[in-house]
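Here the structure comes first, spelled out in structure tokens, and everything after it is commentary.
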Amino acid sequence: MNGKVVRELPVPAGEIPGTRITSLNGINKRGDIVGTATGSYFDAENDIMVTKTFPVVWPAGGGYPPYSLQVWNGYHYSYSTIGRDIDDRGRVVGLEDYYYRNDPKLTPAVWKKPYDALPADPGRLNGYRDLELSGSSPTTNVAVGTATTFEESWPSYFQAVYWPGKGAPLALPFPTGAPGAVPRTRAFAATDDDRVGGTVSDRETGASSAVIWTCASKQAYAPKS
């Protein structure tokens, strides 16, 4: 504020050498912040490079130690676990991003207070193997994101996803007039008044534009097999 540091966000205690904060991704009404940290070092005894990328929550107000959120797989550079957003209850949504030898995989992840357990996997959109969560509404428990289909390790198809907070993730429809024979949509943000913000693009040309789904819960649907 006015050119002065208001708050410093420390690296969680006890993490591996070289850990640093690489991004700040979300903040809720109370002031809790979620971000991502990465650390790495060479383990000479075992002759391997140890790398861990994981979400961190800094509680509001300062003066409280940050939480290192648990991950399914750590200590290998192929796995990056990222917290994308935090709602007013402190629930964090994000993903585990895996890439090794041209075999990508995106797994949605949800952490709840008191952050003492592994994340929950809310499942997949029918017809898609991969899904990431990118945003959440402040108080309604809704989360949104993108289901992805990879072709030869490249993300080829995107479908915007709406997750009510329980049950299976649902698809958001392609907007009227969406470009291309098979449009690509992604969802990034949700509001308490049932709006979802994202993008729609033409798969062939790459041209894209912003889109808002209003009354998103009424538009969301379960794709058929």
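Here's how to read the names in the structure tokens: chain A, B, ... by the order shown, residue numbers from 1 in each chain, ligand numbers from 1 in the order shown.
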
TODO: Can you pull out every residue within 9 Å of Asp88 (chain A), counting only C-alpha atoms, but drop anything in the same chain fewer than 6 positions away, and send it as a ChimeraX atom specification?
DONE: /A:27-32,137-139

Task: Shell of 9 Å around Gln70 (chain A), only C-alpha atoms, local chain residues under 4 positions omitted, as number ranges by chain - done: A: 54-55, 111, 115-119

Task: All residues 7 Å or closer to region 34-41 of chain A, only C-alpha atoms, same chain fewer than 5 positions away omitted, as a ChimeraX atom specification - done: /A:16-27,49-58,82-83,85-86

Open item on the list: Set the distance at 7 Å and use only C-alpha atoms: which residues neighbour region 209-217 of chain A once local chain neighbours fewer than 6 positions away are removed? I'd like the list as a ChimeraX atom specification.
Closed with: /A:194-201

TODO: Please provide the set of residues having any atom within 12 Å of Gly123 (chain A), restricted to only C-alpha atoms, with same-chain residues fewer than 5 positions apart removed, written as JSON, numbers by chain.
DONE: {"A": [95, 106, 107, 108, 109, 110, 128, 129, 130, 131, 132, 133, 147, 161, 162, 163, 165, 166, 167, 168, 169, 170]}

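Closest approach to Pro223 (chain A) from the set A:Pro122, A:Gly127, A:Gly3, A:Pro10 is made by A:Gly127, with distances taken over only C-alpha atoms.
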
- [ ] Extract the full set of strand (DSSP E or B) residues from region 21-54 of chain A according to DSSP on the backbone, and format it as an MDAnalysis selection string.
- [x] chainID A and resid 21:27 33:43 48:54
